[in-house]
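Student: Have a peek at coords.cif (mmCIF, C-alpha atoms).
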data_start
#
loop_
_atom_site.label_atom_id
_atom_site.label_comp_id
_atom_site.auth_asym_id
_atom_site.auth_seq_id
_atom_site.Cartn_x
_atom_site.Cartn_y
_atom_site.Cartn_z
CA MET L 1 85.36 132.95 106.96
CA ARG L 2 82.37 130.69 107.28
CA VAL L 3 82.49 127.40 105.45
CA ALA L 4 79.52 125.05 105.03
CA TYR L 5 79.55 121.63 103.36
CA ALA L 6 77.59 118.43 103.71
CA GLY L 7 75.78 119.57 106.86
CA THR L 8 78.97 120.80 108.53
CA VAL L 9 79.59 124.45 109.34
CA ARG L 10 83.05 125.73 110.24
CA GLU L 11 83.99 129.25 111.14
CA GLY L 12 87.18 131.13 111.89
CA ARG L 13 90.36 132.66 110.53
CA VAL L 14 91.63 129.15 109.91
CA VAL L 15 89.55 126.23 108.70
CA ASP L 16 91.33 122.91 108.67
CA ALA L 17 89.31 120.59 106.47
CA ARG L 18 92.04 118.09 105.62
CA GLU L 19 89.90 115.19 106.85
CA SER L 20 86.82 116.30 104.90
CA GLY L 21 87.74 114.94 101.51
CA LEU L 22 86.66 118.23 99.93
CA SER L 23 88.26 119.08 96.60
CA ARG L 24 90.61 122.01 96.17
CA ALA L 25 88.77 123.05 93.03
CA ASP L 26 85.48 123.29 94.95
CA ALA L 27 87.08 125.31 97.74
CA VAL L 28 88.80 127.73 95.37
CA GLY L 29 85.68 128.00 93.21
CA ALA L 30 83.48 128.74 96.22
CA ILE L 31 85.81 131.50 97.42
CA ARG L 32 85.72 132.98 93.92
CA GLY L 33 81.92 132.98 93.94
CA GLU L 34 81.23 129.92 91.80
CA PRO L 35 78.54 127.46 92.81
CA THR L 36 80.24 124.34 94.20
CA ALA L 37 79.62 121.69 96.84
CA ILE L 38 80.96 124.11 99.44
CA ALA L 39 79.48 127.40 100.59
CA VAL L 40 82.06 129.93 101.67
CA GLU L 41 81.32 133.30 103.21
CA ALA L 42 84.40 135.43 103.11
CA PRO L 43 85.58 138.74 101.67
CA ASP L 44 85.67 138.79 97.87
CA PRO L 45 89.02 137.81 96.38
CA GLY L 46 90.99 140.43 94.48
CA PRO L 47 92.92 139.71 91.28
CA ALA L 48 95.89 138.42 93.35
CA HIS L 49 93.82 135.42 94.41
CA GLU L 50 94.18 134.02 90.91
CA TRP L 51 97.95 133.66 91.46
CA LEU L 52 98.26 133.29 95.22
CA GLY L 53 94.89 132.01 96.44
CA ASP L 54 95.40 128.32 95.70
CA ILE L 55 98.76 127.09 96.93
CA HIS L 56 99.44 123.46 96.13
CA PRO L 57 102.47 121.30 95.19
CA GLU L 58 101.86 121.32 91.41
CA MET L 59 101.25 125.02 91.09
CA CYS L 60 102.97 127.26 88.56
CA VAL L 61 103.79 130.86 89.36
CA SER L 62 106.85 132.94 88.55
CA VAL L 63 108.40 135.45 90.94
CA ARG L 64 107.30 138.21 88.58
CA GLN L 65 103.69 137.05 88.43
CA GLY L 66 103.54 136.47 92.18
CA LEU L 67 105.08 139.79 93.14
CA THR L 68 103.03 141.72 90.61
CA ALA L 69 99.91 140.18 92.12
CA ALA L 70 101.19 140.95 95.63
CA ALA L 71 101.99 144.57 94.79
CA ARG L 72 98.59 145.03 93.13
CA SER L 73 96.82 143.56 96.16
CA ARG L 74 98.38 146.32 98.23
CA GLY L 75 97.04 148.95 95.91
CA ARG L 76 100.36 149.62 94.19
CA THR L 77 100.08 151.02 90.70
CA ALA L 78 102.61 151.05 87.92
CA THR L 79 103.52 154.16 85.95
CA GLN L 80 102.43 152.27 82.82
CA ASP L 81 98.85 151.72 84.07
CA ASP L 82 97.32 154.69 82.25
CA ARG L 83 98.92 153.74 78.98
CA ILE L 84 97.91 150.12 79.49
CA ALA L 85 94.28 151.19 79.95
CA GLU L 86 94.48 153.46 76.90
CA THR L 87 95.94 150.71 74.77
CA GLU L 88 93.36 148.21 75.99
CA SER L 89 90.50 150.52 75.07
CA ALA L 90 92.07 151.32 71.70
CA LEU L 91 92.20 147.57 71.04
CA ALA L 92 88.63 147.08 72.19
CA GLU L 93 87.42 149.84 69.88
CA LEU L 94 89.35 148.60 66.88
CA THR L 95 87.20 146.80 64.35
CA VAL L 96 89.04 144.37 62.15
CA PRO L 97 86.90 143.50 59.14
CA GLU L 98 86.83 139.94 57.90
CA VAL L 99 87.62 140.22 54.22
CA SER L 100 88.30 137.09 52.25
CA THR L 101 88.98 137.12 48.53
CA ARG L 102 88.55 133.38 48.30
CA THR L 103 85.15 133.39 46.57
CA ALA L 104 86.43 135.91 44.02
CA ARG L 105 89.58 133.83 43.42
CA VAL L 106 87.58 130.66 42.82
CA ASP L 107 85.17 132.53 40.53
CA VAL L 108 87.97 133.94 38.38
CA ALA L 109 89.61 130.51 38.10
CA GLU L 110 86.38 128.80 37.09
CA ARG L 111 85.49 131.42 34.52
CA THR L 112 88.98 131.34 33.07
CA ASN L 113 88.62 127.59 32.63
CA GLU L 114 85.25 128.07 30.98
CA VAL L 115 86.69 130.60 28.52
CA ASP L 116 89.63 128.30 27.70
CA HIS L 117 87.27 125.41 27.16
CA LEU L 118 84.96 127.42 24.85
CA ASP L 119 87.96 128.79 23.00
CA GLU L 120 89.04 125.26 22.17
CA ARG L 121 85.51 124.33 21.18
CA VAL L 122 85.25 127.29 18.78
CA ALA L 123 88.61 126.38 17.21
CA GLU L 124 87.50 122.80 16.84
CA LEU L 125 84.18 123.77 15.20
CA ARG L 126 85.94 126.17 12.86
CA GLY L 127 88.17 123.34 11.78
CA ARG L 128 85.20 121.13 11.17
CA VAL L 129 83.37 123.74 9.07
CA ARG L 130 86.53 124.27 7.02
CA ALA L 131 86.95 120.55 6.46
CA LEU L 132 83.32 120.13 5.41
CA ARG L 133 83.61 123.04 2.97
CA ALA L 134 86.74 121.53 1.44
CA ARG L 135 84.78 118.34 0.80
CA ASN L 136 81.81 120.37 -0.53
CA VAL L 137 79.58 118.90 2.13
CA GLU L 138 76.58 120.56 3.74
CA THR L 139 77.84 122.88 6.56
CA ASP L 140 74.61 124.42 7.95
CA GLU L 141 74.51 122.32 11.06
CA ALA L 142 78.19 122.74 11.86
CA GLU L 143 77.98 126.49 11.25
CA ALA L 144 75.02 126.78 13.59
CA GLU L 145 76.99 124.96 16.27
CA LEU L 146 79.95 127.24 15.68
CA ALA L 147 77.77 130.33 15.97
CA ALA L 148 76.30 129.04 19.23
CA ALA L 149 79.75 128.27 20.61
CA MET L 150 80.96 131.73 19.66
CA ARG L 151 78.03 133.32 21.45
CA ASP L 152 78.79 131.23 24.53
CA LEU L 153 82.42 132.27 24.34
CA THR L 154 81.58 135.97 24.15
CA GLU L 155 79.26 135.61 27.09
CA ALA L 156 81.86 133.72 29.11
CA GLU L 157 84.48 136.34 28.31
CA THR L 158 82.17 139.09 29.53
CA GLU L 159 81.56 137.15 32.72
CA LEU L 160 85.28 136.63 33.20
CA ILE L 161 85.91 140.37 32.90
CA ALA L 162 83.22 140.99 35.52
CA ALA L 163 84.74 138.31 37.78
CA ARG L 164 88.18 139.90 37.46
CA GLU L 165 86.73 143.26 38.41
CA ARG L 166 85.07 141.75 41.48
CA HIS L 167 88.37 140.08 42.35
CA ASP L 168 90.22 143.38 42.07
CA ALA L 169 87.65 145.07 44.28
CA ALA L 170 87.88 142.28 46.87
CA THR L 171 91.68 142.46 46.82
CA GLU L 172 91.48 146.19 47.39
CA ALA L 173 89.09 145.73 50.31
CA ALA L 174 91.33 143.06 51.81
CA ARG L 175 94.26 145.41 51.60
CA ALA L 176 92.36 148.08 53.51
CA ALA L 177 91.37 145.47 56.09
CA ARG L 178 95.03 144.61 56.57
CA ASP L 179 95.65 148.17 57.74
CA ALA L 180 93.39 147.40 60.69
CA ARG L 181 95.15 144.09 61.27
CA GLU L 182 98.52 145.78 61.27
CA ARG L 183 97.22 148.36 63.72
CA ARG L 184 95.91 145.58 65.97
CA MET L 185 99.28 143.85 65.94
CA GLU L 186 101.04 147.11 66.86
CA LEU L 187 98.64 147.67 69.74
CA GLU L 188 99.01 144.09 70.98
CA ASP L 189 102.79 144.40 70.90
CA ARG L 190 102.64 147.69 72.74
CA LEU L 191 100.28 146.28 75.35
CA ALA L 192 102.53 143.27 75.93
CA ASN L 193 105.56 145.55 76.34
CA LEU L 194 103.74 147.86 78.74
CA ARG L 195 102.47 144.97 80.83
CA ARG L 196 105.94 143.49 80.98
CA ALA L 197 107.42 146.82 82.05
CA ALA L 198 104.71 147.21 84.71
CA ARG L 199 105.42 143.71 86.03
CA ASP L 200 109.14 144.49 86.13
CA ASP L 201 108.56 147.71 88.07
CA LEU L 202 106.15 146.17 90.55
CA THR L 203 108.51 143.23 91.04
CA ASP L 204 111.44 145.57 91.69
CA GLU L 205 109.40 147.53 94.21
CA THR L 206 108.53 144.46 96.27
CA ALA L 207 111.77 142.51 95.73
CA ASP L 208 113.28 143.37 99.13
CA GLU L 209 110.18 142.33 101.02
CA TYR L 210 110.07 139.15 99.00
CA ARG L 211 113.70 138.41 99.86
CA ASP L 212 112.92 138.92 103.56
CA ALA L 213 109.88 136.67 103.30
CA VAL L 214 111.88 133.84 101.72
CA GLU L 215 114.56 134.22 104.41
CA ALA L 216 111.88 134.06 107.11
CA ALA L 217 110.48 130.81 105.72
CA PRO L 218 110.40 127.94 108.24
CA TRP L 219 111.33 125.48 105.48
CA PRO L 220 114.55 125.15 103.48
CA THR L 221 114.89 127.69 100.68
CA PRO L 222 117.59 128.38 98.09
CA THR L 223 120.22 131.07 98.74
CA ASP L 224 118.93 133.08 95.82
CA PRO L 225 115.24 133.71 96.54
CA PHE L 226 114.65 134.30 92.83
CA GLU L 227 115.59 130.67 92.19
CA ALA L 228 112.93 129.37 94.57
CA GLY L 229 110.29 126.87 93.49
CA ALA L 230 106.70 127.85 92.77
CA VAL L 231 105.36 126.94 96.25
CA THR L 232 107.99 129.06 98.01
CA VAL L 233 107.40 131.88 95.53
CA ALA L 234 103.65 131.74 96.09
CA LEU L 235 103.89 131.58 99.90
CA ALA L 236 106.44 134.41 100.08
CA ALA L 237 104.45 136.52 97.64
CA ALA L 238 101.30 135.80 99.63
CA ARG L 239 103.11 137.04 102.75
CA VAL L 240 104.07 140.22 100.91
CA ALA L 241 100.53 140.58 99.58
CA ASP L 242 97.49 141.94 101.33
CA LEU L 243 95.00 139.14 100.76
CA GLN L 244 91.40 139.63 101.89
CA ALA L 245 89.94 136.32 100.79
CA PRO L 246 91.07 133.02 102.33
CA VAL L 247 94.05 131.22 100.82
CA VAL L 248 93.40 127.57 100.02
CA LEU L 249 96.52 125.83 101.26
CA SER L 250 97.43 122.25 100.33
CA VAL L 251 101.16 122.10 101.14
CA ASP L 252 103.01 120.92 104.24
CA ARG L 253 105.36 123.81 104.85
CA PHE L 254 104.13 124.86 108.29
CA ALA L 255 103.73 123.15 111.64
CA ASP L 256 99.98 123.70 111.49
CA PRO L 257 97.39 125.80 109.63
CA THR L 258 97.36 128.51 112.29
CA THR L 259 101.11 129.01 111.93
CA ALA L 260 100.55 129.24 108.17
CA ALA L 261 97.82 131.87 108.59
CA ASP L 262 100.08 133.88 110.92
CA TRP L 263 103.03 133.64 108.55
CA ILE L 264 101.09 134.56 105.42
CA ASP L 265 98.94 136.99 107.38
CA ALA L 266 95.74 135.86 105.71
CA GLU L 267 92.85 133.53 106.37
CA VAL L 268 93.70 129.94 105.54
CA PHE L 269 91.44 127.18 104.28
CA ARG L 270 93.60 124.10 104.77
CA LEU L 271 92.87 121.13 102.55
CA MET H 1 102.44 146.42 43.84
CA LEU H 2 106.11 147.31 43.80
CA LEU H 3 108.30 145.63 46.38
CA VAL H 4 111.36 147.67 47.30
CA VAL H 5 114.04 146.01 49.43
CA THR H 6 117.12 147.87 50.57
CA TYR H 7 120.55 146.36 51.22
CA SER H 8 122.49 149.20 52.82
CA ARG H 9 121.93 151.43 55.82
CA ALA H 10 121.87 154.55 53.67
CA ALA H 11 119.36 153.08 51.24
CA ARG H 12 117.22 151.90 54.15
CA GLN H 13 117.23 155.37 55.66
CA THR H 14 116.24 156.99 52.38
CA LEU H 15 113.46 154.42 51.97
CA ARG H 16 112.20 155.30 55.46
CA ASN H 17 112.23 158.99 54.61
CA ALA H 18 110.41 158.35 51.36
CA CYS H 19 107.78 156.30 53.21
CA GLU H 20 107.29 159.07 55.77
CA ALA H 21 106.96 161.71 53.08
CA HIS H 22 104.70 159.75 50.71
CA GLN H 23 102.44 157.65 52.89
CA GLU H 24 99.67 157.66 50.30
CA THR H 25 101.89 155.69 47.94
CA VAL H 26 103.07 153.22 50.58
CA VAL H 27 100.88 150.14 50.90
CA ARG H 28 102.95 148.50 53.64
CA ARG H 29 106.29 148.96 55.37
CA PHE H 30 108.50 146.19 56.71
CA GLY H 31 111.73 147.42 58.27
CA ARG H 32 114.08 147.72 55.35
CA ALA H 33 111.47 146.95 52.71
CA ALA H 34 108.23 148.48 51.55
CA LEU H 35 105.39 147.87 49.15
CA PHE H 36 104.46 150.80 46.95
CA GLU H 37 101.31 151.32 44.97
CA GLU H 38 101.75 150.27 41.38
CA THR H 39 101.43 153.80 40.04
CA GLU H 40 103.82 155.95 38.09
CA PHE H 41 104.65 157.69 41.33
CA GLY H 42 105.34 154.39 43.07
CA ALA H 43 107.68 153.51 40.24
CA PHE H 44 109.25 156.95 40.47
CA LEU H 45 110.01 156.47 44.17
CA ALA H 46 111.44 153.02 43.58
CA LEU H 47 113.56 154.16 40.65
CA ARG H 48 114.96 157.19 42.40
CA LEU H 49 116.15 154.88 45.20
CA ARG H 50 117.66 152.56 42.65
CA ALA H 51 119.26 155.48 40.83
CA GLU H 52 120.86 156.62 44.08
CA TYR H 53 121.90 153.26 45.55
CA GLY H 54 122.14 150.94 42.55
CA VAL H 55 122.24 147.26 43.49
CA ASP H 56 121.54 148.08 47.12
CA VAL H 57 117.95 148.51 46.02
CA GLN H 58 115.92 145.61 44.72
CA VAL H 59 112.63 146.34 43.00
CA GLU H 60 110.11 143.61 42.25
CA ARG H 61 106.67 143.77 40.80
CA THR H 62 104.19 141.71 42.81
CA ALA H 63 100.79 140.31 41.96
CA PRO H 64 98.19 138.57 44.12
CA LEU H 65 98.39 134.80 43.83
CA ASN H 66 95.17 133.11 42.84
CA GLU H 67 95.88 129.54 43.80
CA PHE H 68 92.77 128.32 41.99
CA GLU H 69 94.24 129.61 38.71
CA ALA H 70 97.95 129.07 39.19
CA VAL H 71 98.50 126.17 41.58
CA PRO H 72 97.74 122.51 40.81
CA ASP H 73 94.97 120.84 42.85
CA GLY H 74 97.37 118.38 44.47
CA VAL H 75 99.56 121.12 45.88
CA ARG H 76 96.57 123.03 47.22
CA ALA H 77 95.12 119.93 48.80
CA ALA H 78 98.50 119.08 50.34
CA ALA H 79 98.80 122.55 51.84
CA GLN H 80 95.32 122.30 53.35
CA SER H 81 95.88 118.82 54.78
CA TYR H 82 99.27 119.75 56.16
CA ALA H 83 97.80 122.82 57.87
CA ASP H 84 95.15 120.55 59.43
CA ARG H 85 97.63 117.83 60.45
CA GLU H 86 97.23 116.13 63.77
CA HIS H 87 100.77 116.48 65.07
CA ALA H 88 102.29 119.93 64.76
CA SER H 89 105.81 118.49 64.84
CA THR H 90 105.47 116.31 61.72
CA PRO H 91 107.72 117.69 58.96
CA TYR H 92 106.07 117.91 55.55
CA ALA H 93 108.38 115.38 53.87
CA LYS H 94 107.34 112.74 56.40
CA PHE H 95 103.71 113.80 56.24
CA ALA H 96 103.71 113.54 52.43
CA SER H 97 105.39 110.12 52.30
CA GLY H 98 102.52 108.47 54.17
CA ASP H 99 99.78 109.93 51.99
CA ASP H 100 99.12 110.77 48.38
CA HIS H 101 100.61 114.21 48.72
CA PRO H 102 103.28 115.55 46.36
CA ASP H 103 106.90 115.05 47.30
CA PRO H 104 108.68 118.28 48.29
CA ALA H 105 111.65 117.60 45.99
CA VAL H 106 109.31 117.06 43.05
CA MET H 107 107.46 120.29 43.82
CA LYS H 108 110.75 122.17 44.02
CA ASP H 109 111.55 121.14 40.45
CA ARG H 110 108.24 122.30 39.04
CA GLU H 111 107.68 125.93 38.13
CA LEU H 112 104.20 127.30 38.73
#
Could I get this file's structure written as structure tokens?

Tutor:
Amino acid sequence: MRVAYAGTVREGRVVDARESGLSRADAVGAIRGEPTAIAVEAPDPGPAHEWLGDIHPEMCVSVRQGLTAAARSRGRTATQDDRIAETESALAELTVPEVSTRTARVDVAERTNEVDHLDERVAELRGRVRALRARNVETDEAEAELAAAMRDLTEAETELIAARERHDAATEAARAARDARERRMELEDRLANLRRAARDDLTDETADEYRDAVEAAPWPTPTDPFEAGAVTVALAAARVADLQAPVVLSVDRFADPTTAADWIDAEVFRL
Amino acid sequence: MLLVVTYSRAARQTLRNACEAHQETVVRRFGRAALFEETEFGAFLALRLRAEYGVDVQVERTAPLNEFEAVPDGVRAAAQSYADREHASTPYAKFASGDDHPDPAVMKDREL
């Protein structure tokens, strides 16, 4: 690799930049092709770099993730891969319509209120006309008001029927849209199961090599390698892996960066 | 729609068979339950299950809920605010006591 920063250029299989004050994020970003304060020329990282390319004390990686990444870096495939790809493309092609019945629900509620309100008004005006007639008083004005209210009521009732029809149509459309949602959920479940099975298989395939790697570690490790902490997991998985791009290393597990590079069998950018 | 819930293995199996055979009448399937279209045929399927398995088959008639028609403003507002709450771990009873939201016990006593 060739590393350039702040006027300094370093080259080699191992670059020890512990004294440089460079940030891990910049180093990792540069290796992954992002513009940062550092320029790194090195082979492009594969997908395993995401799990094993940045080894530091606070990292999080499970044995399964680490070994899956390691197995993939060596070109291993899982029997589930074809079905995973099929399921992924089925998901990508699936269109899930956004159908909300909210507007229709609000509309029906408002129009129902309007009808109820006009209904009361008509009843009230009828009562008034009746009372006026009983007292032999002039009813023309009250009757005109009643007629107007009745017209409004009829109109509101018609609108309510139309609103209910729109609501029914929207509900029907939402139901059809749920078919697509259900299908999406099925596909997502299937994909998760396939990915899990693939990880299990790839982990099983590399488990023995992983065990050997943990045993070969020059630092104390637990008896059960599957109980190891994330740093041990990452280093052992990195040793199992075939990593092209440099590993950014920020842990003190080796005598020196060259020993680390030999042990992992990868280029090491020590920070 | 018609909600059919089964309460025995035999009834569940017959429901599954019915769903397989009459997909056009099935709106949704959930394990041991299914929603049928509210048609005469949907009712027929539900009733034949009930005829065969009696109380092991529950049949309900469902309707969409329009909260703007059927649910008081305060309850709707409470649901919205609770969904938007800041701390996911706050139980509703505690959430409601601080604000002007309806008390859960009070809501439980009120029919829609």

Student: Evaluate the PyMOL selection byres ((chain H) within 8 of (chain L)) against this structure - the residues, as a PyMOL selection string, please.

Tutor: chain H and resi 66-69

Student: Contacts of Pro35 (chain L) at 12 Å or less, counting all atoms listed in the file, minus same-chain residues fewer than 6 places along, as a ChimeraX atom specification?

Tutor: /L:25-29

Student: Of the candidates L:Glu165, L:Glu143, L:Glu86, L:Glu172, which shows the shortest atom-to-atom distance to Val27 (chain H), using all atoms listed in the file?

Tutor: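 Ranked by minimum distance to Val27 (chain H), first place goes to L:Glu172.
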
Student: Check the smallest atom-to-atom distance from each of L:Thr87, L:Val14, L:Asp242, L:Ala92 to Thr259 (chain L) using all atoms listed in the file, then report the winner.

Tutor: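 The closest residue to Thr259 (chain L) is L:Val14.
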
Student: When the PyMOL selection byres ((chain L and resi 203) around 9) is applied to the file above, which residues end up in the set, as number ranges by chain?

Tutor: L: 63-68, 70-71, 198-202, 204-207

Student: Now that the selection is made, can you save its residues with C-alpha atoms as a PDB file, in the coordinates of the input?

Tutor:
ATOM      1  CA  VAL L  63     108.400 135.450  90.940  1.00  0.00           C
ATOM      2  CA  ARG L  64     107.300 138.210  88.580  1.00  0.00           C
ATOM      3  CA  GLN L  65     103.690 137.050  88.430  1.00  0.00           C
ATOM      4  CA  GLY L  66     103.540 136.470  92.180  1.00  0.00           C
ATOM      5  CA  LEU L  67     105.080 139.790  93.140  1.00  0.00           C
ATOM      6  CA  THR L  68     103.030 141.720  90.610  1.00  0.00           C
ATOM      7  CA  ALA L  70     101.190 140.950  95.630  1.00  0.00           C
ATOM      8  CA  ALA L  71     101.990 144.570  94.790  1.00  0.00           C
ATOM      9  CA  ALA L 198     104.710 147.210  84.710  1.00  0.00           C
ATOM     10  CA  ARG L 199     105.420 143.710  86.030  1.00  0.00           C
ATOM     11  CA  ASP L 200     109.140 144.490  86.130  1.00  0.00           C
ATOM     12  CA  ASP L 201     108.560 147.710  88.070  1.00  0.00           C
ATOM     13  CA  LEU L 202     106.150 146.170  90.550  1.00  0.00           C
ATOM     14  CA  ASP L 204     111.440 145.570  91.690  1.00  0.00           C
ATOM     15  CA  GLU L 205     109.400 147.530  94.210  1.00  0.00           C
ATOM     16  CA  THR L 206     108.530 144.460  96.270  1.00  0.00           C
ATOM     17  CA  ALA L 207     111.770 142.510  95.730  1.00  0.00           C
TER      18      ALA L 207
END

Student: Quick one: apply the PyMOL selection byres ((chain L and resi 145-161) around 8) to the file and drop the selected residues here as an MDAnalysis selection string.

Tutor: chainID L and resid 108 111:112 114:115 118:119 121:122 125:126 141:144 162:165

Student: Quote the spacing between CA of Val214 (chain L) and CA of Gly53 (chain L) in Å to one decimal place.

Tutor: 17.9 Å

Student: Report, in Å to a single decimal, how far apart CA of Trp263 (chain L) and CA of Arg10 (chain L) are.

Tutor: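 Rounded to one decimal, the two atoms are 21.6 Å apart.
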
Student: Got a sec: who's within 10 Å of Leu47 (chain H), counting only C-alpha atoms, leaving out chain neighbours fewer than 6 positions off, as JSON, numbers by chain?

Tutor: {"H": [4, 41, 53, 54, 57, 58, 59]}

Student: Could you write region 108-123 of chain L as a short mmCIF file (atom, residue, chain, number, x, y, z; two decimals), in the frame of the given file, with N, CA and C atoms rebuilt where they are missing?

Tutor:
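Once everything was written out, this is result.cif:
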data_model
loop_
_atom_site.label_atom_id
_atom_site.label_comp_id
_atom_site.auth_asym_id
_atom_site.auth_seq_id
_atom_site.Cartn_x
_atom_site.Cartn_y
_atom_site.Cartn_z
N VAL L 108 87.10 133.59 39.49
CA VAL L 108 87.97 133.94 38.38
C VAL L 108 88.56 132.66 37.76
N ALA L 109 88.99 131.75 38.62
CA ALA L 109 89.61 130.51 38.10
C ALA L 109 88.61 129.71 37.27
N GLU L 110 87.39 129.59 37.80
CA GLU L 110 86.38 128.80 37.09
C GLU L 110 86.01 129.43 35.75
N ARG L 111 85.87 130.74 35.76
CA ARG L 111 85.49 131.42 34.52
C ARG L 111 86.63 131.41 33.49
N THR L 112 87.84 131.45 33.98
CA THR L 112 88.98 131.34 33.07
C THR L 112 88.97 129.97 32.39
N ASN L 113 88.71 128.94 33.18
CA ASN L 113 88.62 127.59 32.63
C ASN L 113 87.54 127.50 31.56
N GLU L 114 86.39 128.10 31.89
CA GLU L 114 85.25 128.07 30.98
C GLU L 114 85.62 128.74 29.66
N VAL L 115 86.28 129.88 29.73
CA VAL L 115 86.69 130.60 28.52
C VAL L 115 87.66 129.74 27.71
N ASP L 116 88.65 129.14 28.40
CA ASP L 116 89.63 128.30 27.70
C ASP L 116 88.94 127.14 26.98
N HIS L 117 87.99 126.55 27.70
CA HIS L 117 87.27 125.41 27.16
C HIS L 117 86.48 125.81 25.91
N LEU L 118 85.77 126.95 25.99
CA LEU L 118 84.96 127.42 24.85
C LEU L 118 85.84 127.85 23.68
N ASP L 119 87.00 128.40 24.03
CA ASP L 119 87.96 128.79 23.00
C ASP L 119 88.36 127.58 22.17
N GLU L 120 88.65 126.49 22.87
CA GLU L 120 89.04 125.26 22.17
C GLU L 120 87.89 124.74 21.32
N ARG L 121 86.69 124.84 21.89
CA ARG L 121 85.51 124.33 21.18
C ARG L 121 85.29 125.14 19.89
N VAL L 122 85.43 126.45 19.97
CA VAL L 122 85.25 127.29 18.78
C VAL L 122 86.29 126.92 17.72
N ALA L 123 87.54 126.73 18.15
CA ALA L 123 88.61 126.38 17.21
C ALA L 123 88.30 125.05 16.53
#
